[in-house]
>>> print(open('data16.cif').read())   # mmCIF, C-alpha atoms; chains and numbers go by the auth columns
data_query
#
loop_
_atom_site.group_PDB
_atom_site.id
_atom_site.type_symbol
_atom_site.label_atom_id
_atom_site.label_comp_id
_atom_site.label_asym_id
_atom_site.label_seq_id
_atom_site.Cartn_x
_atom_site.Cartn_y
_atom_site.Cartn_z
_atom_site.B_iso_or_equiv
_atom_site.auth_seq_id
_atom_site.auth_asym_id
ATOM 1 C CA MET A 1 107.767 70.134 82.916 0.00 1068 C
ATOM 2 C CA SER A 2 106.179 71.138 86.231 0.00 1069 C
ATOM 3 C CA THR A 3 108.513 74.109 86.739 0.00 1070 C
ATOM 4 C CA PRO A 4 106.535 77.380 86.918 0.00 1071 C
ATOM 5 C CA ALA A 5 107.493 80.217 84.605 0.00 1072 C
ATOM 6 C CA ALA A 6 107.303 83.996 84.623 0.00 1073 C
ATOM 7 C CA LEU A 7 107.270 86.593 81.862 0.00 1074 C
ATOM 8 C CA VAL A 8 109.247 89.648 82.949 0.00 1075 C
ATOM 9 C CA THR A 9 108.945 92.716 80.732 0.00 1076 C
ATOM 10 C CA GLY A 10 111.942 95.005 80.652 0.00 1077 C
ATOM 11 C CA GLY A 11 113.866 92.192 82.308 0.00 1078 C
ATOM 12 C CA ALA A 12 117.285 92.963 80.863 0.00 1079 C
ATOM 13 C CA THR A 13 118.090 96.170 82.753 0.00 1080 C
ATOM 14 C CA ARG A 14 117.676 98.021 86.027 0.00 1081 C
ATOM 15 C CA LEU A 15 114.907 96.753 88.318 0.00 1082 C
ATOM 16 C CA GLY A 16 113.603 94.313 85.726 0.00 1083 C
ATOM 17 C CA ARG A 17 116.866 92.407 85.894 0.00 1084 C
ATOM 18 C CA TYR A 18 116.691 92.106 89.673 0.00 1085 C
ATOM 19 C CA PHE A 19 113.120 90.840 89.489 0.00 1086 C
ATOM 20 C CA ALA A 20 113.951 88.319 86.759 0.00 1087 C
ATOM 21 C CA GLU A 21 116.909 86.935 88.674 0.00 1088 C
ATOM 22 C CA ALA A 22 114.919 86.850 91.932 0.00 1089 C
ATOM 23 C CA LEU A 23 112.170 84.844 90.244 0.00 1090 C
ATOM 24 C CA ALA A 24 114.803 82.443 88.926 0.00 1091 C
ATOM 25 C CA ASP A 25 116.175 82.075 92.461 0.00 1092 C
ATOM 26 C CA LYS A 26 112.636 81.208 93.533 0.00 1093 C
ATOM 27 C CA GLY A 27 112.468 78.377 90.997 0.00 1094 C
ATOM 28 C CA TYR A 28 110.811 80.037 88.016 0.00 1095 C
ATOM 29 C CA ASP A 29 111.881 79.631 84.420 0.00 1096 C
ATOM 30 C CA ILE A 30 112.003 83.059 82.778 0.00 1097 C
ATOM 31 C CA ALA A 31 110.615 84.485 79.563 0.00 1098 C
ATOM 32 C CA LEU A 32 112.820 87.565 79.405 0.00 1099 C
ATOM 33 C CA HIS A 33 111.221 90.363 77.406 0.00 1100 C
ATOM 34 C CA VAL A 34 113.590 92.739 75.652 0.00 1101 C
ATOM 35 C CA ASN A 35 113.260 95.617 73.223 0.00 1102 C
ATOM 36 C CA SER A 36 116.590 97.326 72.484 0.00 1103 C
ATOM 37 C CA SER A 37 118.774 95.908 75.276 0.00 1104 C
ATOM 38 C CA ARG A 38 119.627 92.631 73.562 0.00 1105 C
ATOM 39 C CA ASP A 39 123.245 92.458 74.754 0.00 1106 C
ATOM 40 C CA GLU A 40 122.182 93.041 78.350 0.00 1107 C
ATOM 41 C CA ALA A 41 119.464 90.407 77.954 0.00 1108 C
ATOM 42 C CA GLU A 42 122.032 87.816 76.880 0.00 1109 C
ATOM 43 C CA VAL A 43 123.996 88.494 80.067 0.00 1110 C
ATOM 44 C CA VAL A 44 120.889 88.121 82.244 0.00 1111 C
ATOM 45 C CA ALA A 45 119.843 84.956 80.427 0.00 1112 C
ATOM 46 C CA LYS A 46 123.284 83.441 81.015 0.00 1113 C
ATOM 47 C CA THR A 47 123.043 84.311 84.716 0.00 1114 C
ATOM 48 C CA ILE A 48 119.601 82.728 85.021 0.00 1115 C
ATOM 49 C CA ARG A 49 120.697 79.567 83.223 0.00 1116 C
ATOM 50 C CA ALA A 50 123.669 79.326 85.583 0.00 1117 C
ATOM 51 C CA LYS A 51 121.144 79.193 88.421 0.00 1118 C
ATOM 52 C CA GLY A 52 119.673 76.044 86.850 0.00 1119 C
ATOM 53 C CA GLN A 53 116.569 77.658 85.343 0.00 1120 C
ATOM 54 C CA ARG A 54 115.571 77.921 81.724 0.00 1121 C
ATOM 55 C CA CYS A 55 115.515 81.376 80.148 0.00 1122 C
ATOM 56 C CA GLU A 56 114.294 82.429 76.721 0.00 1123 C
ATOM 57 C CA ILE A 57 114.654 85.962 75.383 0.00 1124 C
ATOM 58 C CA VAL A 58 111.371 87.197 73.879 0.00 1125 C
ATOM 59 C CA PRO A 59 111.675 90.437 71.865 0.00 1126 C
ATOM 60 C CA CYS A 60 108.808 92.899 71.595 0.00 1127 C
ATOM 61 C CA ASN A 61 108.651 96.607 70.758 0.00 1128 C
ATOM 62 C CA PHE A 62 105.741 97.996 72.743 0.00 1129 C
ATOM 63 C CA LEU A 63 105.317 100.865 70.286 0.00 1130 C
ATOM 64 C CA SER A 64 104.763 98.627 67.275 0.00 1131 C
ATOM 65 C CA ASP A 65 104.484 94.927 68.128 0.00 1132 C
ATOM 66 C CA SER A 66 101.561 92.864 69.408 0.00 1133 C
ATOM 67 C CA PRO A 67 101.175 92.265 73.167 0.00 1134 C
ATOM 68 C CA GLU A 68 99.122 89.178 72.314 0.00 1135 C
ATOM 69 C CA ALA A 69 102.044 87.755 70.311 0.00 1136 C
ATOM 70 C CA LEU A 70 104.362 88.298 73.278 0.00 1137 C
ATOM 71 C CA ILE A 71 102.096 86.253 75.560 0.00 1138 C
ATOM 72 C CA THR A 72 101.711 83.567 72.877 0.00 1139 C
ATOM 73 C CA THR A 73 105.479 83.285 72.449 0.00 1140 C
ATOM 74 C CA ALA A 74 106.100 83.125 76.193 0.00 1141 C
ATOM 75 C CA LYS A 75 103.433 80.448 76.562 0.00 1142 C
ATOM 76 C CA GLN A 76 104.914 78.407 73.713 0.00 1143 C
ATOM 77 C CA HIS A 77 108.301 78.428 75.414 0.00 1144 C
ATOM 78 C CA PHE A 78 106.852 77.828 78.868 0.00 1145 C
ATOM 79 C CA PRO A 79 103.485 76.006 79.057 0.00 1146 C
ATOM 80 C CA ASN A 80 103.528 76.464 82.852 0.00 1147 C
ATOM 81 C CA LEU A 81 103.543 80.257 82.602 0.00 1148 C
ATOM 82 C CA SER A 82 101.943 81.564 85.794 0.00 1149 C
ATOM 83 C CA VAL A 83 103.417 85.012 86.524 0.00 1150 C
ATOM 84 C CA LEU A 84 103.395 88.215 84.485 0.00 1151 C
ATOM 85 C CA LEU A 85 105.629 90.936 85.898 0.00 1152 C
ATOM 86 C CA ASN A 86 105.278 94.256 84.072 0.00 1153 C
ATOM 87 C CA SER A 87 108.517 96.143 84.679 0.00 1154 C
ATOM 88 C CA ALA A 88 109.155 97.735 81.256 0.00 1155 C
ATOM 89 C CA SER A 89 108.752 101.488 81.412 0.00 1156 C
ATOM 90 C CA ALA A 90 109.126 104.649 79.358 0.00 1157 C
ATOM 91 C CA TYR A 91 110.217 107.768 81.219 0.00 1158 C
ATOM 92 C CA GLU A 92 110.384 111.284 79.855 0.00 1159 C
ATOM 93 C CA PRO A 93 109.903 114.332 82.081 0.00 1160 C
ATOM 94 C CA SER A 94 107.863 117.225 80.731 0.00 1161 C
ATOM 95 C CA PRO A 95 105.197 119.535 82.195 0.00 1162 C
ATOM 96 C CA ILE A 96 101.734 119.725 80.690 0.00 1163 C
ATOM 97 C CA ALA A 97 102.661 122.987 78.957 0.00 1164 C
ATOM 98 C CA GLU A 98 105.320 121.142 76.943 0.00 1165 C
ATOM 99 C CA THR A 99 103.516 117.836 76.408 0.00 1166 C
ATOM 100 C CA ASP A 100 102.401 116.812 72.917 0.00 1167 C
ATOM 101 C CA ILE A 101 100.412 113.906 71.522 0.00 1168 C
ATOM 102 C CA ALA A 102 103.526 111.937 70.566 0.00 1169 C
ATOM 103 C CA MET A 103 104.813 111.995 74.145 0.00 1170 C
ATOM 104 C CA LEU A 104 101.416 111.020 75.519 0.00 1171 C
ATOM 105 C CA GLU A 105 101.138 108.138 73.075 0.00 1172 C
ATOM 106 C CA THR A 106 104.594 106.810 73.931 0.00 1173 C
ATOM 107 C CA GLN A 107 104.232 107.094 77.702 0.00 1174 C
ATOM 108 C CA PHE A 108 100.739 105.631 77.816 0.00 1175 C
ATOM 109 C CA ARG A 109 101.404 102.878 75.314 0.00 1176 C
ATOM 110 C CA VAL A 110 104.440 101.560 77.185 0.00 1177 C
ATOM 111 C CA ASN A 111 103.383 102.286 80.769 0.00 1178 C
ATOM 112 C CA MET A 112 99.648 101.626 80.633 0.00 1179 C
ATOM 113 C CA PHE A 113 98.141 100.276 77.398 0.00 1180 C
ATOM 114 C CA THR A 114 100.593 97.404 76.957 0.00 1181 C
ATOM 115 C CA PRO A 115 100.425 96.177 80.586 0.00 1182 C
ATOM 116 C CA LEU A 116 96.623 96.262 80.312 0.00 1183 C
ATOM 117 C CA LEU A 117 96.632 94.237 77.096 0.00 1184 C
ATOM 118 C CA LEU A 118 99.272 91.842 78.407 0.00 1185 C
ATOM 119 C CA THR A 119 97.054 91.260 81.436 0.00 1186 C
ATOM 120 C CA ARG A 120 94.101 90.534 79.164 0.00 1187 C
ATOM 121 C CA TYR A 121 95.973 88.018 77.012 0.00 1188 C
ATOM 122 C CA PHE A 122 97.708 86.494 80.031 0.00 1189 C
ATOM 123 C CA SER A 123 94.283 85.882 81.574 0.00 1190 C
ATOM 124 C CA GLU A 124 93.266 84.025 78.409 0.00 1191 C
ATOM 125 C CA ALA A 125 96.450 81.945 78.317 0.00 1192 C
ATOM 126 C CA VAL A 126 96.627 80.681 81.920 0.00 1193 C
ATOM 127 C CA GLU A 127 94.171 79.018 84.246 0.00 1194 C
ATOM 128 C CA ASN A 128 95.573 80.563 87.406 0.00 1195 C
ATOM 129 C CA GLY A 129 98.357 83.028 88.018 0.00 1196 C
ATOM 130 C CA GLN A 130 99.588 86.374 89.218 0.00 1197 C
ATOM 131 C CA VAL A 131 100.244 89.761 87.672 0.00 1198 C
ATOM 132 C CA ILE A 132 102.594 92.205 89.390 0.00 1199 C
ATOM 133 C CA ASN A 133 102.863 95.722 87.980 0.00 1200 C
ATOM 134 C CA ILE A 134 105.888 97.870 88.784 0.00 1201 C
ATOM 135 C CA ILE A 135 104.570 101.375 89.292 0.00 1202 C
ATOM 136 C CA ASP A 136 106.327 104.336 90.997 0.00 1203 C
ATOM 137 C CA ASN A 137 105.870 106.018 94.352 0.00 1204 C
ATOM 138 C CA LYS A 138 105.406 109.266 92.407 0.00 1205 C
ATOM 139 C CA VAL A 139 101.774 108.207 91.905 0.00 1206 C
ATOM 140 C CA ALA A 140 101.174 109.546 95.428 0.00 1207 C
ATOM 141 C CA TYR A 141 101.968 113.073 94.200 0.00 1208 C
ATOM 142 C CA HIS A 142 100.876 115.594 91.587 0.00 1209 C
ATOM 143 C CA GLN A 143 104.318 116.301 90.145 0.00 1210 C
ATOM 144 C CA TYR A 144 103.351 118.107 86.958 0.00 1211 C
ATOM 145 C CA PRO A 145 106.952 118.282 85.638 0.00 1212 C
ATOM 146 C CA TYR A 146 106.451 114.569 84.836 0.00 1213 C
ATOM 147 C CA ALA A 147 102.916 114.943 83.494 0.00 1214 C
ATOM 148 C CA ALA A 148 102.634 112.290 80.764 0.00 1215 C
ATOM 149 C CA TYR A 149 104.791 109.747 82.596 0.00 1216 C
ATOM 150 C CA LEU A 150 103.073 110.214 85.923 0.00 1217 C
ATOM 151 C CA LEU A 151 99.557 110.171 84.494 0.00 1218 C
ATOM 152 C CA SER A 152 100.347 106.913 82.734 0.00 1219 C
ATOM 153 C CA LYS A 153 101.639 105.387 85.970 0.00 1220 C
ATOM 154 C CA LYS A 154 98.640 106.651 87.940 0.00 1221 C
ATOM 155 C CA SER A 155 96.455 104.966 85.339 0.00 1222 C
ATOM 156 C CA LEU A 156 98.464 101.755 85.721 0.00 1223 C
ATOM 157 C CA ALA A 157 97.851 101.840 89.473 0.00 1224 C
ATOM 158 C CA GLU A 158 94.099 102.190 88.930 0.00 1225 C
ATOM 159 C CA MET A 159 94.137 99.481 86.277 0.00 1226 C
ATOM 160 C CA THR A 160 95.863 97.186 88.772 0.00 1227 C
ATOM 161 C CA ARG A 161 92.978 97.573 91.223 0.00 1228 C
ATOM 162 C CA MET A 162 90.332 97.263 88.524 0.00 1229 C
ATOM 163 C CA ALA A 163 91.886 94.159 86.982 0.00 1230 C
ATOM 164 C CA ALA A 164 92.258 92.574 90.417 0.00 1231 C
ATOM 165 C CA LEU A 165 88.466 92.680 90.696 0.00 1232 C
ATOM 166 C CA GLU A 166 87.751 91.537 87.171 0.00 1233 C
ATOM 167 C CA PHE A 167 90.067 88.540 87.092 0.00 1234 C
ATOM 168 C CA ALA A 168 89.762 87.271 90.677 0.00 1235 C
ATOM 169 C CA PRO A 169 89.922 84.577 91.825 0.00 1236 C
ATOM 170 C CA ARG A 170 91.848 83.048 88.900 0.00 1237 C
ATOM 171 C CA LEU A 171 94.436 85.828 88.938 0.00 1238 C
ATOM 172 C CA ARG A 172 95.856 87.778 91.836 0.00 1239 C
ATOM 173 C CA ILE A 173 96.943 91.196 90.630 0.00 1240 C
ATOM 174 C CA ASN A 174 99.034 93.634 92.657 0.00 1241 C
ATOM 175 C CA GLY A 175 101.629 96.361 92.220 0.00 1242 C
ATOM 176 C CA ILE A 176 104.920 97.526 93.688 0.00 1243 C
ATOM 177 C CA ALA A 177 105.684 101.254 93.851 0.00 1244 C
ATOM 178 C CA PRO A 178 109.425 101.773 94.395 0.00 1245 C
ATOM 179 C CA GLY A 179 110.907 104.920 95.873 0.00 1246 C
ATOM 180 C CA VAL A 180 114.568 105.990 95.846 0.00 1247 C
ATOM 181 C CA VAL A 181 116.196 102.663 94.984 0.00 1248 C
ATOM 182 C CA LEU A 182 118.025 102.930 91.655 0.00 1249 C
ATOM 183 C CA PRO A 183 118.277 106.646 90.826 0.00 1250 C
ATOM 184 C CA ALA A 184 119.050 107.502 87.212 0.00 1251 C
ATOM 185 C CA SER A 185 122.760 107.682 86.455 0.00 1252 C
ATOM 186 C CA GLN A 186 122.618 111.433 85.867 0.00 1253 C
ATOM 187 C CA ARG A 187 121.430 112.109 89.423 0.00 1254 C
ATOM 188 C CA THR A 188 124.135 113.719 91.559 0.00 1255 C
ATOM 189 C CA SER A 189 125.046 112.602 95.063 0.00 1256 C
ATOM 190 C CA ASP A 190 123.773 115.954 96.375 0.00 1257 C
ATOM 191 C CA TYR A 191 120.414 115.341 94.727 0.00 1258 C
ATOM 192 C CA ILE A 192 120.161 111.830 96.163 0.00 1259 C
ATOM 193 C CA GLN A 193 121.024 113.081 99.644 0.00 1260 C
ATOM 194 C CA TRP A 194 118.360 115.779 99.302 0.00 1261 C
ATOM 195 C CA ARG A 195 115.828 113.070 98.402 0.00 1262 C
ATOM 196 C CA ILE A 196 116.899 110.966 101.378 0.00 1263 C
ATOM 197 C CA GLU A 197 116.237 113.907 103.696 0.00 1264 C
ATOM 198 C CA GLY A 198 112.579 113.688 102.666 0.00 1265 C
ATOM 199 C CA ILE A 199 112.340 109.952 103.480 0.00 1266 C
ATOM 200 C CA PRO A 200 111.094 109.259 107.021 0.00 1267 C
ATOM 201 C CA VAL A 201 113.442 106.279 107.540 0.00 1268 C
ATOM 202 C CA LYS A 202 116.348 108.509 106.398 0.00 1269 C
ATOM 203 C CA HIS A 203 118.091 106.114 104.064 0.00 1270 C
ATOM 204 C CA GLN A 204 118.001 105.011 100.449 0.00 1271 C
ATOM 205 C CA GLY A 205 116.468 101.712 99.444 0.00 1272 C
ATOM 206 C CA ASN A 206 118.110 98.944 97.468 0.00 1273 C
ATOM 207 C CA PRO A 207 116.844 96.275 95.067 0.00 1274 C
ATOM 208 C CA ALA A 208 116.762 93.667 97.844 0.00 1275 C
ATOM 209 C CA HIS A 209 113.920 95.628 99.470 0.00 1276 C
ATOM 210 C CA LEU A 210 111.909 95.308 96.263 0.00 1277 C
ATOM 211 C CA VAL A 211 112.704 91.614 95.973 0.00 1278 C
ATOM 212 C CA GLN A 212 111.333 91.160 99.500 0.00 1279 C
ATOM 213 C CA ALA A 213 108.138 92.888 98.369 0.00 1280 C
ATOM 214 C CA LEU A 214 107.972 90.605 95.351 0.00 1281 C
ATOM 215 C CA HIS A 215 108.252 87.517 97.557 0.00 1282 C
ATOM 216 C CA TYR A 216 105.510 88.828 99.823 0.00 1283 C
ATOM 217 C CA LEU A 217 103.105 89.339 96.948 0.00 1284 C
ATOM 218 C CA LEU A 218 103.932 85.981 95.397 0.00 1285 C
ATOM 219 C CA ASP A 219 103.524 84.048 98.639 0.00 1286 C
ATOM 220 C CA ASN A 220 100.549 85.706 100.347 0.00 1287 C
ATOM 221 C CA ASP A 221 97.429 84.431 98.596 0.00 1288 C
ATOM 222 C CA PHE A 222 95.167 86.766 100.588 0.00 1289 C
ATOM 223 C CA VAL A 223 96.591 89.932 99.008 0.00 1290 C
ATOM 224 C CA ALA A 224 94.934 91.278 95.872 0.00 1291 C
ATOM 225 C CA GLY A 225 94.482 94.683 94.284 0.00 1292 C
ATOM 226 C CA GLN A 226 97.156 96.313 96.438 0.00 1293 C
ATOM 227 C CA ILE A 227 99.880 98.791 95.561 0.00 1294 C
ATOM 228 C CA LEU A 228 102.791 98.074 97.899 0.00 1295 C
ATOM 229 C CA PHE A 229 104.860 101.247 98.371 0.00 1296 C
ATOM 230 C CA VAL A 230 108.495 100.372 99.069 0.00 1297 C
ATOM 231 C CA ASP A 231 109.886 103.839 99.659 0.00 1298 C
ATOM 232 C CA GLY A 232 110.779 104.306 103.325 0.00 1299 C
ATOM 233 C CA GLY A 233 107.552 106.207 103.916 0.00 1300 C
ATOM 234 C CA GLU A 234 108.408 108.966 101.429 0.00 1301 C
ATOM 235 C CA SER A 235 104.983 108.867 99.817 0.00 1302 C
ATOM 236 C CA ILE A 236 103.175 109.441 103.121 0.00 1303 C
ATOM 237 C CA ASN A 237 105.356 112.423 104.045 0.00 1304 C
ATOM 238 C CA LEU A 238 102.631 114.903 103.088 0.00 1305 C
ATOM 239 C CA GLU A 239 102.332 116.890 106.276 0.00 1306 C
ATOM 240 C CA GLY A 240 102.115 120.180 104.438 0.00 1307 C
ATOM 241 C CA ARG A 241 102.725 123.634 105.803 0.00 1308 C
ATOM 242 C CA HIS A 242 100.990 124.910 108.926 0.00 1309 C
ATOM 243 C CA SER A 243 101.468 127.366 111.773 0.00 1310 C
ATOM 244 C CA GLU A 244 103.606 125.054 113.895 0.00 1311 C
ATOM 245 C CA ASN A 245 106.230 124.436 111.219 0.00 1312 C
ATOM 246 C CA TYR A 246 106.246 128.010 109.924 0.00 1313 C
ATOM 247 C CA LEU A 247 109.753 129.409 110.405 0.00 1314 C
ATOM 248 C CA GLY A 248 108.928 133.065 109.622 0.00 1315 C
#
>>> encode(input="data16.cif", output="structure tokens")
Amino acid sequence: MSTPAALVTGGATRLGRYFAEALADKGYDIALHVNSSRDEAEVVAKTIRAKGQRCEIVPCNFLSDSPEALITTAKQHFPNLSVLLNSASAYEPSPIAETDIAMLETQFRVNMFTPLLLTRYFSEAVENGQVINIIDNKVAYHQYPYAAYLLSKKSLAEMTRMAALEFAPRLRINGIAPGVVLPASQRTSDYIQWRIEGIPVKHQGNPAHLVQALHYLLDNDFVAGQILFVDGGESINLEGRHSENYLG
């Protein structure tokens, strides 16, 4: 009964799965949030149970269901709930000129409003704990072709800092901003290589780099309100154009 537990949103696929399994490796039981990826969630749950940890699948549709109910359910399954990892995300590219209210509502509700409300209800349900928000290194830029998505993630980054102040010292709240780690399946190898050329360390990341960041945030109790960019320095590569790099 003393085993700690973590609620991982979006834990059935992509980065969420790696984070859920890494937390299980670290000795956490897992409340595995799922929306539509139920089959994938069953596979992840089986993997976590094989590691010797408990895992319960907790469904919630962020566009219609209650964030408070999700926390309540996770807490009922795992009274020692102590970590909330917000990895669920909605992603739809569109510039401002093509953005409508429906897109804004979807992107903000999944990427910002629900993590904020989950943080609130988590703070009411636990005495001490940690919240880790998975953001995106795009928040360092002003990439208007991703307007609604990127604005929602920028808001999540600011909420992370604000909540870290409000809920300290009971909760430590931080974020991880991944770079080129798990590109979408439709990305071509040429595109990925072009992205790598803009990364100072000149190579793509992998999920293990993000797991290392997760361990750092979990273990270092003097880190709060930080957004840890794990992107090979891509987000600081903002030298801009000037006379010495002008090729004309």
>>> resolve_selection(input="data16.cif", expression="the PyMOL selection byres ((chain C and resi 1160) around 6)", output="VMD selection string")
chain C and resid 1159 1161 1213
>>> residues_near_point(input="data16.cif", point="(110.6, 88.5, 97.6)", cutoff="12 Å", atoms="only C-alpha atoms", output="mmCIF file with C-alpha atoms, in the frame of the given file")
data_model
loop_
_atom_site.group_PDB
_atom_site.id
_atom_site.type_symbol
_atom_site.label_atom_id
_atom_site.label_comp_id
_atom_site.auth_asym_id
_atom_site.auth_seq_id
_atom_site.Cartn_x
_atom_site.Cartn_y
_atom_site.Cartn_z
ATOM 1 C CA TYR C 1085 116.691 92.106 89.673
ATOM 2 C CA PHE C 1086 113.120 90.840 89.489
ATOM 3 C CA ALA C 1087 113.951 88.319 86.759
ATOM 4 C CA GLU C 1088 116.909 86.935 88.674
ATOM 5 C CA ALA C 1089 114.919 86.850 91.932
ATOM 6 C CA LEU C 1090 112.170 84.844 90.244
ATOM 7 C CA ALA C 1091 114.803 82.443 88.926
ATOM 8 C CA ASP C 1092 116.175 82.075 92.461
ATOM 9 C CA LYS C 1093 112.636 81.208 93.533
ATOM 10 C CA ILE C 1243 104.920 97.526 93.688
ATOM 11 C CA PRO C 1274 116.844 96.275 95.067
ATOM 12 C CA ALA C 1275 116.762 93.667 97.844
ATOM 13 C CA HIS C 1276 113.920 95.628 99.470
ATOM 14 C CA LEU C 1277 111.909 95.308 96.263
ATOM 15 C CA VAL C 1278 112.704 91.614 95.973
ATOM 16 C CA GLN C 1279 111.333 91.160 99.500
ATOM 17 C CA ALA C 1280 108.138 92.888 98.369
ATOM 18 C CA LEU C 1281 107.972 90.605 95.351
ATOM 19 C CA HIS C 1282 108.252 87.517 97.557
ATOM 20 C CA TYR C 1283 105.510 88.828 99.823
ATOM 21 C CA LEU C 1284 103.105 89.339 96.948
ATOM 22 C CA LEU C 1285 103.932 85.981 95.397
ATOM 23 C CA ASP C 1286 103.524 84.048 98.639
ATOM 24 C CA ASN C 1287 100.549 85.706 100.347
#
>>> residues_near_point(input="data16.cif", point="(95.9, 100.2, 85.7)", cutoff="10 Å", atoms="only C-alpha atoms", output="PyMOL selection string")
chain C and resi 1178-1180+1182-1183+1186+1200+1202+1219-1231+1242
>>> resolve_selection(input="data16.cif", expression="the PyMOL selection byres ((chain C and resi 1195) around 9)", output="PDB file with C-alpha atoms, in the coordinates of the input")
ATOM      1  CA  SER C1149     101.943  81.564  85.794  1.00  0.00           C
ATOM      2  CA  SER C1190      94.283  85.882  81.574  1.00  0.00           C
ATOM      3  CA  VAL C1193      96.627  80.681  81.920  1.00  0.00           C
ATOM      4  CA  GLU C1194      94.171  79.018  84.246  1.00  0.00           C
ATOM      5  CA  GLY C1196      98.357  83.028  88.018  1.00  0.00           C
ATOM      6  CA  GLN C1197      99.588  86.374  89.218  1.00  0.00           C
ATOM      7  CA  PRO C1236      89.922  84.577  91.825  1.00  0.00           C
ATOM      8  CA  ARG C1237      91.848  83.048  88.900  1.00  0.00           C
ATOM      9  CA  LEU C1238      94.436  85.828  88.938  1.00  0.00           C
ATOM     10  CA  ARG C1239      95.856  87.778  91.836  1.00  0.00           C
TER      11      ARG C1239
END
>>> atom_distance(input="data16.cif", atom1="CA of Ser1104 in chain C", atom2="CA of Pro1146 in chain C")
25.4 Å
>>> atom_distance(input="data16.cif", atom1="CA of Ala1235 in chain C", atom2="CA of Ala1073 in chain C")
18.8 Å
>>> residues_around(input="data16.cif", residues="range 1293-1303 of chain C", least_positions_apart="5", cutoff="7 Å", atoms="all atoms listed in the file", output="number ranges by chain")
C: 1204, 1207, 1228, 1241-1247, 1265-1268, 1272, 1277
>>> atom_distance(input="data16.cif", atom1="CA of Ala1098 in chain C", atom2="CA of Glu1191 in chain C")
17.4 Å
>>> closest_residue(input="data16.cif", among="C:Asn1273, C:Thr1070, C:Ser1131, C:Gln1143", to="Glu1172 in chain C", atoms="only C-alpha atoms")
C:Ser1131
>>> resolve_selection(input="data16.cif", expression="the PyMOL selection byres ((chain C and resi 1130) around 9)", output="number ranges by chain")
C: 1127-1129, 1131-1133, 1172-1173, 1176-1177, 1181
>>> build_atoms(input="data16.cif", residues="range 1135-1139 of chain C", atoms="all heavy atoms", output="PDB file, in the frame of the given file")
ATOM      1  N   GLU C1135      99.656  90.542  72.368  1.00  0.00           N
ATOM      2  CA  GLU C1135      99.122  89.178  72.314  1.00  0.00           C
ATOM      3  C   GLU C1135     100.197  88.204  71.834  1.00  0.00           C
ATOM      4  O   GLU C1135     100.337  87.090  72.363  1.00  0.00           O
ATOM      5  CB  GLU C1135      97.913  89.120  71.393  1.00  0.00           C
ATOM      6  CG  GLU C1135      97.257  87.750  71.343  1.00  0.00           C
ATOM      7  CD  GLU C1135      96.020  87.713  70.485  1.00  0.00           C
ATOM      8  OE1 GLU C1135      95.807  88.656  69.697  1.00  0.00           O
ATOM      9  OE2 GLU C1135      95.245  86.745  70.599  1.00  0.00           O
ATOM     10  N   ALA C1136     100.983  88.622  70.828  1.00  0.00           N
ATOM     11  CA  ALA C1136     102.044  87.755  70.311  1.00  0.00           C
ATOM     12  C   ALA C1136     103.106  87.496  71.375  1.00  0.00           C
ATOM     13  O   ALA C1136     103.681  86.399  71.428  1.00  0.00           O
ATOM     14  CB  ALA C1136     102.667  88.380  69.069  1.00  0.00           C
ATOM     15  N   LEU C1137     103.376  88.487  72.211  1.00  0.00           N
ATOM     16  CA  LEU C1137     104.362  88.298  73.278  1.00  0.00           C
ATOM     17  C   LEU C1137     103.897  87.224  74.255  1.00  0.00           C
ATOM     18  O   LEU C1137     104.669  86.337  74.642  1.00  0.00           O
ATOM     19  CB  LEU C1137     104.611  89.615  74.007  1.00  0.00           C
ATOM     20  CG  LEU C1137     105.594  89.553  75.188  1.00  0.00           C
ATOM     21  CD1 LEU C1137     106.961  89.034  74.748  1.00  0.00           C
ATOM     22  CD2 LEU C1137     105.727  90.933  75.846  1.00  0.00           C
ATOM     23  N   ILE C1138     102.640  87.276  74.661  1.00  0.00           N
ATOM     24  CA  ILE C1138     102.096  86.253  75.560  1.00  0.00           C
ATOM     25  C   ILE C1138     102.120  84.891  74.879  1.00  0.00           C
ATOM     26  O   ILE C1138     102.499  83.868  75.476  1.00  0.00           O
ATOM     27  CB  ILE C1138     100.672  86.616  76.004  1.00  0.00           C
ATOM     28  CG1 ILE C1138     100.679  87.885  76.871  1.00  0.00           C
ATOM     29  CG2 ILE C1138     100.026  85.444  76.752  1.00  0.00           C
ATOM     30  CD1 ILE C1138     101.362  87.735  78.211  1.00  0.00           C
ATOM     31  N   THR C1139     101.734  84.837  73.619  1.00  0.00           N
ATOM     32  CA  THR C1139     101.711  83.567  72.877  1.00  0.00           C
ATOM     33  C   THR C1139     103.104  82.953  72.824  1.00  0.00           C
ATOM     34  O   THR C1139     103.283  81.749  73.053  1.00  0.00           O
ATOM     35  CB  THR C1139     101.172  83.783  71.455  1.00  0.00           C
ATOM     36  OG1 THR C1139      99.832  84.274  71.537  1.00  0.00           O
ATOM     37  CG2 THR C1139     101.193  82.488  70.665  1.00  0.00           C
TER      38      THR C1139
END
